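Structure data follow from data-v1.cif (mmCIF, C-alpha atoms):
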```cif
data_model
loop_
_atom_site.label_atom_id
_atom_site.label_comp_id
_atom_site.auth_asym_id
_atom_site.auth_seq_id
_atom_site.Cartn_x
_atom_site.Cartn_y
_atom_site.Cartn_z
CA MET A 1011 -5.24 -1.68 0.09
CA TRP A 1012 -1.66 -1.19 -0.52
CA LEU A 1013 0.80 -1.62 -3.65
CA PRO A 1014 4.57 -0.87 -3.90
CA SER A 1015 6.70 -1.79 -6.94
CA ILE A 1016 10.23 -3.11 -7.48
CA ALA A 1017 11.40 0.49 -7.48
CA ASN A 1018 10.35 0.76 -3.82
CA ALA A 1019 13.13 -1.69 -2.99
CA GLN A 1020 15.72 0.91 -3.94
CA SER A 1021 15.69 2.41 -0.45
CA ALA A 1022 16.89 -0.93 0.93
CA LEU A 1023 19.83 -1.07 -1.45
CA PRO A 1024 23.09 0.86 -1.62
CA PRO A 1025 23.24 3.01 -4.79
CA ALA A 1026 24.77 1.10 -7.70
CA PRO A 1027 28.28 2.43 -8.32
CA PRO A 1028 28.21 4.54 -11.48
CA ASP A 1029 31.69 3.48 -12.51
CA THR A 1030 31.16 -0.28 -12.45
CA ASP A 1031 29.34 -2.69 -14.75
CA ASN A 1032 27.31 -5.70 -13.60
CA SER A 1033 30.49 -7.77 -13.11
CA GLY A 1034 31.87 -5.22 -10.64
CA GLU A 1035 34.79 -4.25 -12.87
CA ALA A 1036 35.36 -0.59 -13.63
CA PRO A 1037 34.89 0.12 -17.36
CA ALA A 1038 36.97 2.75 -19.11
CA GLN A 1039 35.23 6.10 -19.24
CA ASP A 1040 34.04 7.06 -22.71
CA PRO A 1041 36.41 9.67 -24.18
CA ALA A 1042 33.48 11.05 -26.22
CA ILE A 1043 32.06 12.57 -23.02
CA GLN A 1044 33.64 15.78 -21.79
CA PRO A 1045 35.32 15.39 -18.34
CA ALA A 1046 33.11 18.06 -16.73
CA VAL A 1047 29.97 16.35 -18.04
CA GLN A 1048 31.25 12.94 -16.90
CA ALA A 1049 31.82 14.32 -13.40
CA MET A 1050 28.21 15.55 -13.23
CA LEU A 1051 26.91 12.18 -14.40
CA ASP A 1052 29.05 10.34 -11.84
CA ALA A 1053 27.76 12.55 -9.02
CA ALA A 1054 24.13 12.01 -10.09
CA MET A 1055 24.60 8.24 -10.34
CA LYS A 1056 26.17 8.07 -6.89
CA SER A 1057 22.97 9.62 -5.48
CA GLY A 1058 21.02 6.59 -6.72
CA ASN A 1059 18.16 8.86 -7.85
CA ASP A 1060 16.84 7.90 -11.32
CA LYS A 1061 15.01 11.21 -11.78
CA GLU A 1062 18.14 13.20 -10.96
CA VAL A 1063 20.22 11.13 -13.39
CA ASP A 1064 17.66 11.67 -16.17
CA THR A 1065 17.65 15.44 -15.55
CA ILE A 1066 21.45 15.73 -15.60
CA ALA A 1067 21.65 13.53 -18.71
CA LYS A 1068 19.05 15.66 -20.52
CA TYR A 1069 21.00 18.89 -20.01
CA ALA A 1070 24.34 17.17 -20.55
CA ARG A 1071 23.26 16.02 -24.03
CA SER A 1072 22.26 19.59 -24.86
CA ALA A 1073 25.56 20.98 -23.59
CA ASP A 1074 27.65 18.26 -25.28
CA PRO A 1075 25.91 17.22 -28.55
CA ASP A 1076 28.96 15.27 -29.75
CA GLY A 1077 28.74 13.02 -26.68
CA ALA A 1078 24.95 12.68 -26.65
CA ASP A 1079 24.92 9.05 -27.80
CA ALA A 1080 27.65 8.07 -25.33
CA ILE A 1081 25.78 9.80 -22.49
CA ALA A 1082 22.54 8.00 -23.35
CA LYS A 1083 24.34 4.64 -23.49
CA GLN A 1084 26.08 5.20 -20.17
CA VAL A 1085 22.79 6.08 -18.44
CA ALA A 1086 21.03 3.07 -19.99
CA ASP A 1087 23.85 0.75 -18.85
CA TRP A 1088 23.69 2.23 -15.32
CA LYS A 1089 19.93 1.68 -15.11
CA SER A 1090 20.26 -1.88 -16.41
CA ALA A 1091 22.92 -2.70 -13.81
CA ARG A 1092 20.75 -1.18 -11.06
CA THR A 1093 17.71 -3.19 -12.13
CA LYS A 1094 19.71 -6.42 -12.09
CA GLN A 1095 21.09 -5.55 -8.66
CA GLN A 1096 17.61 -4.87 -7.30
CA GLN A 1097 16.19 -8.08 -8.76
CA ARG A 1098 19.07 -10.11 -7.32
CA HIS A 1099 18.45 -8.55 -3.90
CA LEU A 1100 14.73 -9.37 -4.04
CA ARG A 1101 15.45 -12.93 -5.17
CA GLU A 1102 18.11 -13.72 -2.57
CA ALA A 1103 16.90 -11.79 0.50
CA ASP A 1104 15.57 -13.59 3.57
CA PHE A 1105 11.80 -13.50 4.03
CA MET A 1106 11.78 -11.03 6.96
CA GLU A 1107 14.43 -8.80 5.35
CA LEU A 1108 11.85 -7.49 2.86
CA VAL A 1109 9.03 -6.95 5.36
CA LYS A 1110 8.04 -3.32 5.87
CA GLY A 1111 5.10 -1.83 7.66
CA SER A 1112 3.63 0.42 10.29
CA VAL A 1113 1.96 0.22 13.68
CA GLN A 1114 -0.42 2.90 14.88
CA ILE A 1115 -2.35 3.61 18.04
CA GLY A 1116 -4.72 6.46 18.75
CA GLY A 1117 -8.20 7.60 19.59
CA TYR A 1118 -11.41 7.70 17.59
CA TYR A 1119 -14.89 9.20 17.53
CA THR A 1120 -17.85 7.36 16.01
CA THR A 1121 -21.30 8.37 14.80
CA GLY A 1122 -24.15 6.18 13.58
CA ASN A 1123 -24.93 3.07 15.59
CA THR A 1124 -22.74 4.34 18.45
CA ASN A 1125 -21.63 7.85 19.46
CA ASN A 1126 -18.45 7.33 21.45
CA THR A 1127 -14.78 8.02 21.84
CA GLY A 1128 -12.30 5.22 22.39
CA LEU A 1129 -8.95 3.67 21.50
CA SER A 1130 -7.87 2.12 18.22
CA GLY A 1131 -4.90 0.04 17.11
CA GLN A 1132 -3.77 -0.96 13.63
CA ALA A 1133 -0.88 -2.80 12.00
CA ASN A 1134 0.01 -2.93 8.28
CA LEU A 1135 2.70 -5.25 6.93
CA THR A 1136 3.94 -5.64 3.35
CA ARG A 1137 6.55 -7.96 1.90
CA GLU A 1138 7.63 -6.97 -1.61
CA GLY A 1139 9.38 -9.81 -3.44
CA LEU A 1140 10.41 -10.26 -7.06
CA ASP A 1141 7.26 -12.09 -8.17
CA TRP A 1142 5.07 -12.07 -5.04
CA ARG A 1143 3.72 -9.33 -2.80
CA HIS A 1144 2.12 -10.15 0.57
CA LYS A 1145 -0.03 -7.67 2.51
CA LEU A 1146 -1.47 -8.08 6.01
CA LYS A 1147 -3.75 -5.65 7.85
CA LEU A 1148 -4.99 -5.89 11.44
CA VAL A 1149 -7.42 -3.41 13.05
CA ALA A 1150 -9.00 -3.34 16.52
CA ASP A 1151 -11.36 -0.76 18.06
CA TYR A 1152 -12.62 -1.38 21.57
CA GLN A 1153 -14.35 0.59 24.32
CA ARG A 1154 -16.13 -0.12 27.58
CA SER A 1155 -18.20 2.48 29.41
CA ALA A 1156 -19.70 1.94 32.88
CA GLY A 1157 -19.00 -1.77 32.59
CA VAL A 1158 -20.75 -2.07 29.22
CA THR A 1159 -19.03 -2.69 25.90
CA THR A 1160 -19.97 0.20 23.63
CA ARG A 1161 -17.74 -0.65 20.65
CA ARG A 1162 -16.03 -3.82 19.52
CA HIS A 1163 -14.71 -3.94 15.99
CA TYR A 1164 -12.04 -6.34 14.70
CA LEU A 1165 -10.67 -6.79 11.19
CA ALA A 1166 -7.95 -9.04 9.78
CA ALA A 1167 -7.14 -9.02 6.05
CA TYR A 1168 -4.49 -10.90 4.06
CA GLU A 1169 -3.81 -10.36 0.35
CA PRO A 1170 -1.18 -12.17 -1.73
CA ASN A 1171 -0.39 -10.74 -5.19
CA TYR A 1172 1.40 -12.44 -8.08
CA LYS A 1173 2.97 -9.99 -10.53
CA LEU A 1174 2.31 -10.67 -14.22
CA HIS A 1175 3.83 -7.39 -15.41
CA ASP A 1176 5.05 -4.09 -13.96
CA ASP A 1177 1.45 -2.80 -13.95
CA LEU A 1178 -0.65 -5.99 -13.82
CA TYR A 1179 -1.09 -8.65 -11.16
CA VAL A 1180 -3.53 -11.26 -9.90
CA TYR A 1181 -4.60 -11.27 -6.29
CA GLY A 1182 -6.28 -13.28 -3.59
CA ALA A 1183 -8.05 -11.49 -0.72
CA PHE A 1184 -9.14 -13.03 2.56
CA GLN A 1185 -10.85 -10.99 5.25
CA TYR A 1186 -12.44 -11.53 8.66
CA GLU A 1187 -14.59 -8.91 10.41
CA SER A 1188 -16.53 -8.74 13.65
CA ASP A 1189 -18.70 -5.76 14.62
CA HIS A 1190 -21.58 -6.39 17.03
CA PHE A 1191 -22.88 -2.85 16.62
CA LEU A 1192 -23.15 -3.20 12.85
CA GLY A 1193 -25.26 -6.29 13.43
CA TYR A 1194 -22.87 -9.20 12.79
CA ASP A 1195 -20.64 -11.31 15.02
CA ASN A 1196 -18.53 -12.82 12.22
CA ARG A 1197 -18.12 -12.09 8.54
CA TYR A 1198 -15.76 -14.06 6.30
CA SER A 1199 -14.84 -12.91 2.78
CA ALA A 1200 -12.72 -14.52 0.08
CA SER A 1201 -11.97 -13.09 -3.36
CA THR A 1202 -9.68 -13.47 -6.33
CA GLY A 1203 -9.24 -11.32 -9.41
CA ALA A 1204 -7.00 -8.93 -11.32
CA GLY A 1205 -5.22 -5.80 -10.17
CA TYR A 1206 -3.90 -2.92 -12.26
CA SER A 1207 -1.52 -0.12 -11.27
CA ALA A 1208 -3.13 2.78 -13.14
CA ILE A 1209 -0.64 5.31 -11.70
CA LYS A 1210 2.85 4.35 -10.59
CA ARG A 1211 5.36 7.13 -10.34
CA PRO A 1212 7.50 8.67 -7.58
CA GLY A 1213 5.20 10.24 -5.00
CA MET A 1214 1.91 8.97 -6.45
CA SER A 1215 0.21 5.61 -7.03
CA LEU A 1216 -3.25 4.30 -7.86
CA ASP A 1217 -4.09 0.59 -7.72
CA LEU A 1218 -7.40 -0.87 -8.90
CA GLU A 1219 -8.72 -4.39 -8.22
CA LEU A 1220 -11.81 -6.28 -9.37
CA GLY A 1221 -12.94 -9.88 -9.09
CA PRO A 1222 -15.53 -12.39 -7.87
CA ALA A 1223 -15.93 -13.04 -4.15
CA TYR A 1224 -17.81 -15.13 -1.62
CA ARG A 1225 -19.05 -13.81 1.76
CA SER A 1226 -20.56 -15.52 4.76
CA THR A 1227 -22.07 -13.49 7.61
CA ASP A 1228 -23.19 -14.62 11.08
CA TYR A 1229 -25.64 -12.03 12.33
CA VAL A 1230 -26.20 -11.08 15.96
CA ASP A 1231 -29.80 -12.31 15.77
CA ASP A 1232 -28.52 -15.82 14.86
CA GLY A 1233 -29.33 -15.43 11.17
CA THR A 1234 -26.73 -16.42 8.58
CA ASP A 1235 -26.26 -15.18 5.03
CA ALA A 1236 -23.79 -16.64 2.52
CA SER A 1237 -23.64 -15.80 -1.18
CA ALA A 1238 -21.42 -14.92 -4.13
CA ALA A 1239 -20.42 -11.30 -4.59
CA ILE A 1240 -18.31 -8.95 -6.70
CA ARG A 1241 -15.40 -7.22 -4.97
CA GLY A 1242 -13.76 -4.01 -6.12
CA SER A 1243 -11.15 -1.76 -4.53
CA ALA A 1244 -9.12 1.36 -5.22
CA SER A 1245 -6.06 2.59 -3.33
CA PHE A 1246 -4.64 6.07 -4.02
CA LYS A 1247 -1.51 7.46 -2.35
CA TRP A 1248 -0.01 10.91 -2.92
CA LYS A 1249 3.13 12.31 -1.30
CA LEU A 1250 2.34 16.02 -1.13
CA SER A 1251 5.76 16.92 0.29
CA PRO A 1252 8.68 15.11 1.97
CA ALA A 1253 6.76 15.33 5.26
CA VAL A 1254 3.07 15.17 4.28
CA SER A 1255 1.13 12.48 2.43
CA PHE A 1256 -2.50 11.81 1.52
CA SER A 1257 -4.24 8.46 1.05
CA GLN A 1258 -7.70 7.40 -0.13
CA ASP A 1259 -8.78 3.76 0.04
CA ALA A 1260 -12.16 2.40 -1.01
CA SER A 1261 -13.53 -1.12 -1.26
CA GLY A 1262 -16.92 -2.68 -1.86
CA TYR A 1263 -18.74 -6.00 -1.97
CA LEU A 1264 -21.82 -6.10 -4.21
CA GLN A 1265 -24.05 -9.09 -3.55
CA HIS A 1266 -27.63 -10.26 -3.29
CA GLY A 1267 -29.02 -9.00 0.01
CA ASN A 1268 -26.61 -6.86 1.96
CA SER A 1269 -23.81 -5.05 0.11
CA THR A 1270 -20.95 -3.17 1.76
CA VAL A 1271 -18.94 -0.08 0.77
CA ALA A 1272 -16.08 1.24 2.93
CA THR A 1273 -13.83 4.26 2.40
CA ASN A 1274 -10.92 5.64 4.40
CA THR A 1275 -9.35 9.07 3.88
CA GLY A 1276 -6.10 9.90 5.66
CA PHE A 1277 -3.50 12.64 6.07
CA ASN A 1278 -0.09 11.73 7.45
CA ALA A 1279 2.56 14.21 8.68
CA LYS A 1280 6.10 13.31 9.76
CA LEU A 1281 6.91 14.28 13.35
CA PHE A 1282 10.41 12.89 13.97
CA GLY A 1283 12.38 9.90 12.74
CA PRO A 1284 10.02 7.00 11.96
CA VAL A 1285 7.13 8.55 13.90
CA SER A 1286 4.32 10.50 12.26
CA GLY A 1287 0.85 11.77 13.13
CA GLN A 1288 -2.22 10.72 11.18
CA LEU A 1289 -5.78 11.96 10.87
CA SER A 1290 -8.27 9.69 9.13
CA TYR A 1291 -11.98 9.49 8.42
CA GLN A 1292 -13.69 6.19 7.65
CA ILE A 1293 -17.19 5.53 6.31
CA GLN A 1294 -18.79 2.09 6.22
CA TYR A 1295 -22.15 1.58 4.52
CA GLU A 1296 -24.31 -1.55 4.73
CA SER A 1297 -27.15 -1.54 2.16
CA GLN A 1298 -29.51 -3.85 4.07
CA PRO A 1299 -28.55 -4.00 7.75
CA ARG A 1300 -30.58 -5.98 10.27
CA ASP A 1301 -33.38 -4.41 12.31
CA LYS A 1302 -32.48 -1.41 14.53
CA VAL A 1303 -29.07 -1.07 12.90
CA GLU A 1304 -28.29 2.07 10.89
CA SER A 1305 -26.87 1.73 7.39
CA MET A 1306 -23.92 4.06 7.86
CA ASP A 1307 -21.14 4.28 10.44
CA THR A 1308 -18.35 6.84 10.48
CA ILE A 1309 -15.10 6.81 12.43
CA SER A 1310 -12.73 9.77 12.88
CA ARG A 1311 -9.28 8.77 14.12
CA ALA A 1312 -6.20 10.62 15.36
CA SER A 1313 -3.17 8.34 15.67
CA LEU A 1314 0.56 8.13 16.17
CA VAL A 1315 2.21 5.95 13.51
CA TYR A 1316 5.54 4.14 13.77
CA GLU A 1317 7.00 2.97 10.45
CA PHE A 1318 9.66 0.30 10.04
#
```
What would you get if you wrote out this structure as structure tokens?
Amino acid sequence: MWLPSIANAQSALPPAPPDTDNSGEAPAQDPAIQPAVQAMLDAAMKSGNDKEVDTIAKYARSADPDGADAIAKQVADWKSARTKQQQRHLREADFMELVKGSVQIGGYYTTGNTNNTGLSGQANLTREGLDWRHKLKLVADYQRSAGVTTRRHYLAAYEPNYKLHDDLYVYGAFQYESDHFLGYDNRYSASTGAGYSAIKRPGMSLDLELGPAYRSTDYVDDGTDASAAIRGSASFKWKLSPAVSFSQDASGYLQHGNSTVATNTGFNAKLFGPVSGQLSYQIQYESQPRDKVESMDTISRASLVYEF
């Protein structure tokens, strides 16, 4: 599942003015910094890009050794002011102001318990606050052929996160699934545990989660199974270029009786504005499915995605 950081809120903010401190008053420029170097720093700060500011500052210190300390202090002060501005925005913003997400609709092809083509819809919402992160995912696949339902899969998942540190958080995870062709009408899952952002840098992230869980399943044949489990997940995102990105999500529930592992691999390419095209491949494995139900299902999807 998904994990942005405070830095992701930068896109919602105007760049912090490089010539003002946190009070909004313009400080006197440091005479130790050469005017040409100061102009380059000002231009980089106006862009609001931390990486660009660091690059300019690195070469500016080499070109102007006498002003190296002043340059480092000015960059540090700028970053501190930006961080305070971002935190104030996250703290004071209305609830819906920080909600971001995507809606996608497309077609799919399945193998395993059914071999069909059909339509699929999905919505992903994330609200990134100062201390809390909320994530909601909704998925629906449905098809009827000759008056007979040949696929019916629904999933709703909600995950609140509380941030303990930049890289560490605790989570709750609640999920509902229904898939007649995988042998169950209803499956409820609840979990809590710890999450760790193993990679968090511009263009790439990796989030890992692990914790105890409880699952209850109502099978199609009227049987019911409820037991404790262990839940683990990994979410990897990589921006290959400004227009192309790759994602790999995996999650699993290990429990007595039937265990579940699901993976989803996706490629996303920008088409125009907020619209992109996505190809994805999903595998879901059930270790001990009910009679006449295969262990593995795969779904290949092609979708249009609208981001907001």
Wanna dump the stretch 1123-1223 of chain A-stretch 1096-1114 of chain A contacts at 8 Å for me, each residue with its shortest atom pair and the distance in Å to one decimal, counting only C-alpha atoms, ordered by chain and number, as CSV?
```
residue,atom,partner,partner_atom,distance
A:Gly1131,CA,A:Gln1114,CA,5.8
A:Gln1132,CA,A:Gln1114,CA,5.3
A:Ala1133,CA,A:Val1113,CA,4.5
A:Asn1134,CA,A:Gly1111,CA,5.2
A:Leu1135,CA,A:Gly1111,CA,4.2
A:Thr1136,CA,A:Lys1110,CA,5.3
A:Arg1137,CA,A:Val1109,CA,4.4
A:Glu1138,CA,A:Leu1108,CA,6.2
A:Gly1139,CA,A:Leu1100,CA,5.4
A:Leu1140,CA,A:Leu1100,CA,5.3
```
Residue subset to file, keeping C-alpha atoms, as a PDB file, in the coordinates of the input:
```pdb
ATOM      1  CA  GLY A1131      -4.900   0.040  17.110  1.00  0.00           C
ATOM      2  CA  GLN A1132      -3.770  -0.960  13.630  1.00  0.00           C
ATOM      3  CA  ALA A1133      -0.880  -2.800  12.000  1.00  0.00           C
ATOM      4  CA  ASN A1134       0.010  -2.930   8.280  1.00  0.00           C
ATOM      5  CA  LEU A1135       2.700  -5.250   6.930  1.00  0.00           C
ATOM      6  CA  THR A1136       3.940  -5.640   3.350  1.00  0.00           C
ATOM      7  CA  ARG A1137       6.550  -7.960   1.900  1.00  0.00           C
ATOM      8  CA  GLU A1138       7.630  -6.970  -1.610  1.00  0.00           C
ATOM      9  CA  GLY A1139       9.380  -9.810  -3.440  1.00  0.00           C
ATOM     10  CA  LEU A1140      10.410 -10.260  -7.060  1.00  0.00           C
TER      11      LEU A1140
END
```
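Closest approach to A:Arg1241 from the set A:Asn1123, A:Ser1305, A:Ser1207, A:Ser1269 is made by A:Ser1269, with distances taken over all atoms listed in the file.
Between A:Leu1250 and the candidates A:Gln1153, A:Asn1278, A:Ser1090, A:Gln1288, the tightest atom-to-atom separation, counting all atoms listed in the file, involves A:Asn1278.
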Could you make a table, as a Markdown table, of the residues of stretch 1177-1263 of chain A that have an atom within 12 Å of an atom of stretch 1057-1078 of chain A, each with its nearest atom pair and distance in Å to one decimal, counting only C-alpha atoms, in chain and number order?
```
| residue | atom | partner | partner_atom | distance |
| --- | --- | --- | --- | --- |
| A:Arg1211 | CA | A:Lys1061 | CA | 10.6 |
| A:Pro1212 | CA | A:Lys1061 | CA | 9.0 |
| A:Gly1213 | CA | A:Lys1061 | CA | 12.0 |
```
Prev. selection, C-alpha atoms, output as a short mmCIF file (atom, residue, chain, number, x, y, z; two decimals), in the coordinates of the input:
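Output below, filename result_34.cif:
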```cif
data_model
loop_
_atom_site.label_atom_id
_atom_site.label_comp_id
_atom_site.auth_asym_id
_atom_site.auth_seq_id
_atom_site.Cartn_x
_atom_site.Cartn_y
_atom_site.Cartn_z
CA ARG A 1211 5.36 7.13 -10.34
CA PRO A 1212 7.50 8.67 -7.58
CA GLY A 1213 5.20 10.24 -5.00
#
```
Residues returned when the PyMOL selection byres ((chain A and resi 1298) around 9) runs on this file, as a VMD selection string: chain A and resid 1267 to 1270 1296 to 1297 1299 to 1300 1305
Residues in the PyMOL selection byres ((chain A and resi 1256) around 10), expressed as an mmCIF file with C-alpha atoms, in the coordinates of the input:
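See expr.cif below for the written result:
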```
data_model
loop_
_atom_site.group_PDB
_atom_site.id
_atom_site.type_symbol
_atom_site.label_atom_id
_atom_site.label_comp_id
_atom_site.auth_asym_id
_atom_site.auth_seq_id
_atom_site.Cartn_x
_atom_site.Cartn_y
_atom_site.Cartn_z
ATOM 1 C CA MET A 1214 1.910 8.970 -6.450
ATOM 2 C CA PHE A 1246 -4.640 6.070 -4.020
ATOM 3 C CA LYS A 1247 -1.510 7.460 -2.350
ATOM 4 C CA TRP A 1248 -0.010 10.910 -2.920
ATOM 5 C CA LYS A 1249 3.130 12.310 -1.300
ATOM 6 C CA LEU A 1250 2.340 16.020 -1.130
ATOM 7 C CA SER A 1251 5.760 16.920 0.290
ATOM 8 C CA VAL A 1254 3.070 15.170 4.280
ATOM 9 C CA SER A 1255 1.130 12.480 2.430
ATOM 10 C CA SER A 1257 -4.240 8.460 1.050
ATOM 11 C CA GLN A 1258 -7.700 7.400 -0.130
ATOM 12 C CA THR A 1275 -9.350 9.070 3.880
ATOM 13 C CA GLY A 1276 -6.100 9.900 5.660
ATOM 14 C CA PHE A 1277 -3.500 12.640 6.070
ATOM 15 C CA ASN A 1278 -0.090 11.730 7.450
ATOM 16 C CA ALA A 1279 2.560 14.210 8.680
ATOM 17 C CA GLN A 1288 -2.220 10.720 11.180
ATOM 18 C CA LEU A 1289 -5.780 11.960 10.870
ATOM 19 C CA SER A 1290 -8.270 9.690 9.130
#
```
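For the set A:Ile1043, A:Tyr1295, A:Asp1141, A:Ser1243, the residue with the smallest atom-to-atom gap to A:Asp1176 is A:Asp1141, counting only C-alpha atoms.
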Can you spell out as a list in words the set of residues that the PyMOL selection byres ((chain A and resi 1244) around 6) selects in the structure I just provided? Asp1217, Leu1218, Ser1243, Ser1245, Asp1259 and Ala1260 of chain A
Stretch 1138-1182 of chain A near stretch 1195-1206 of chain A within 7 Å: what's each residue's closest atom pair and its distance in Å to one decimal, counting only C-alpha atoms, ordered by chain then ascending residue number, as CSV?
```
residue,atom,partner,partner_atom,distance
A:Asp1177,CA,A:Tyr1206,CA,5.6
A:Leu1178,CA,A:Tyr1206,CA,4.7
A:Tyr1179,CA,A:Gly1205,CA,5.1
A:Val1180,CA,A:Ala1204,CA,4.4
A:Tyr1181,CA,A:Thr1202,CA,5.5
A:Gly1182,CA,A:Thr1202,CA,4.4
```
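Interatomic distance, atom CA of A:Arg1154 to atom CA of A:Gly1128: 8.4 Å.
Considering the residues A:Phe1191, A:Trp1142, A:Tyr1316, A:Phe1282 and counting only C-alpha atoms, A:Thr1121 has its shortest atom-to-atom contact with A:Phe1191.
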Sel. within 10 Å of pt (-12.6, -3.1, 22.3), counting only C-alpha atoms, output as JSON, numbers by chain: {"A": [1128, 1129, 1130, 1131, 1150, 1151, 1152, 1153, 1154, 1159, 1160, 1161, 1162, 1163, 1164]}
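With all atoms listed in the file as the basis for measurement, A:Ile1081 is the residue among A:Ile1081, A:Asp1235, A:Ser1286, A:Leu1146 that approaches A:Met1050 most closely.
One finds atom CA of A:Thr1093 at 27.3 Å from atom CA of A:Pro1284.
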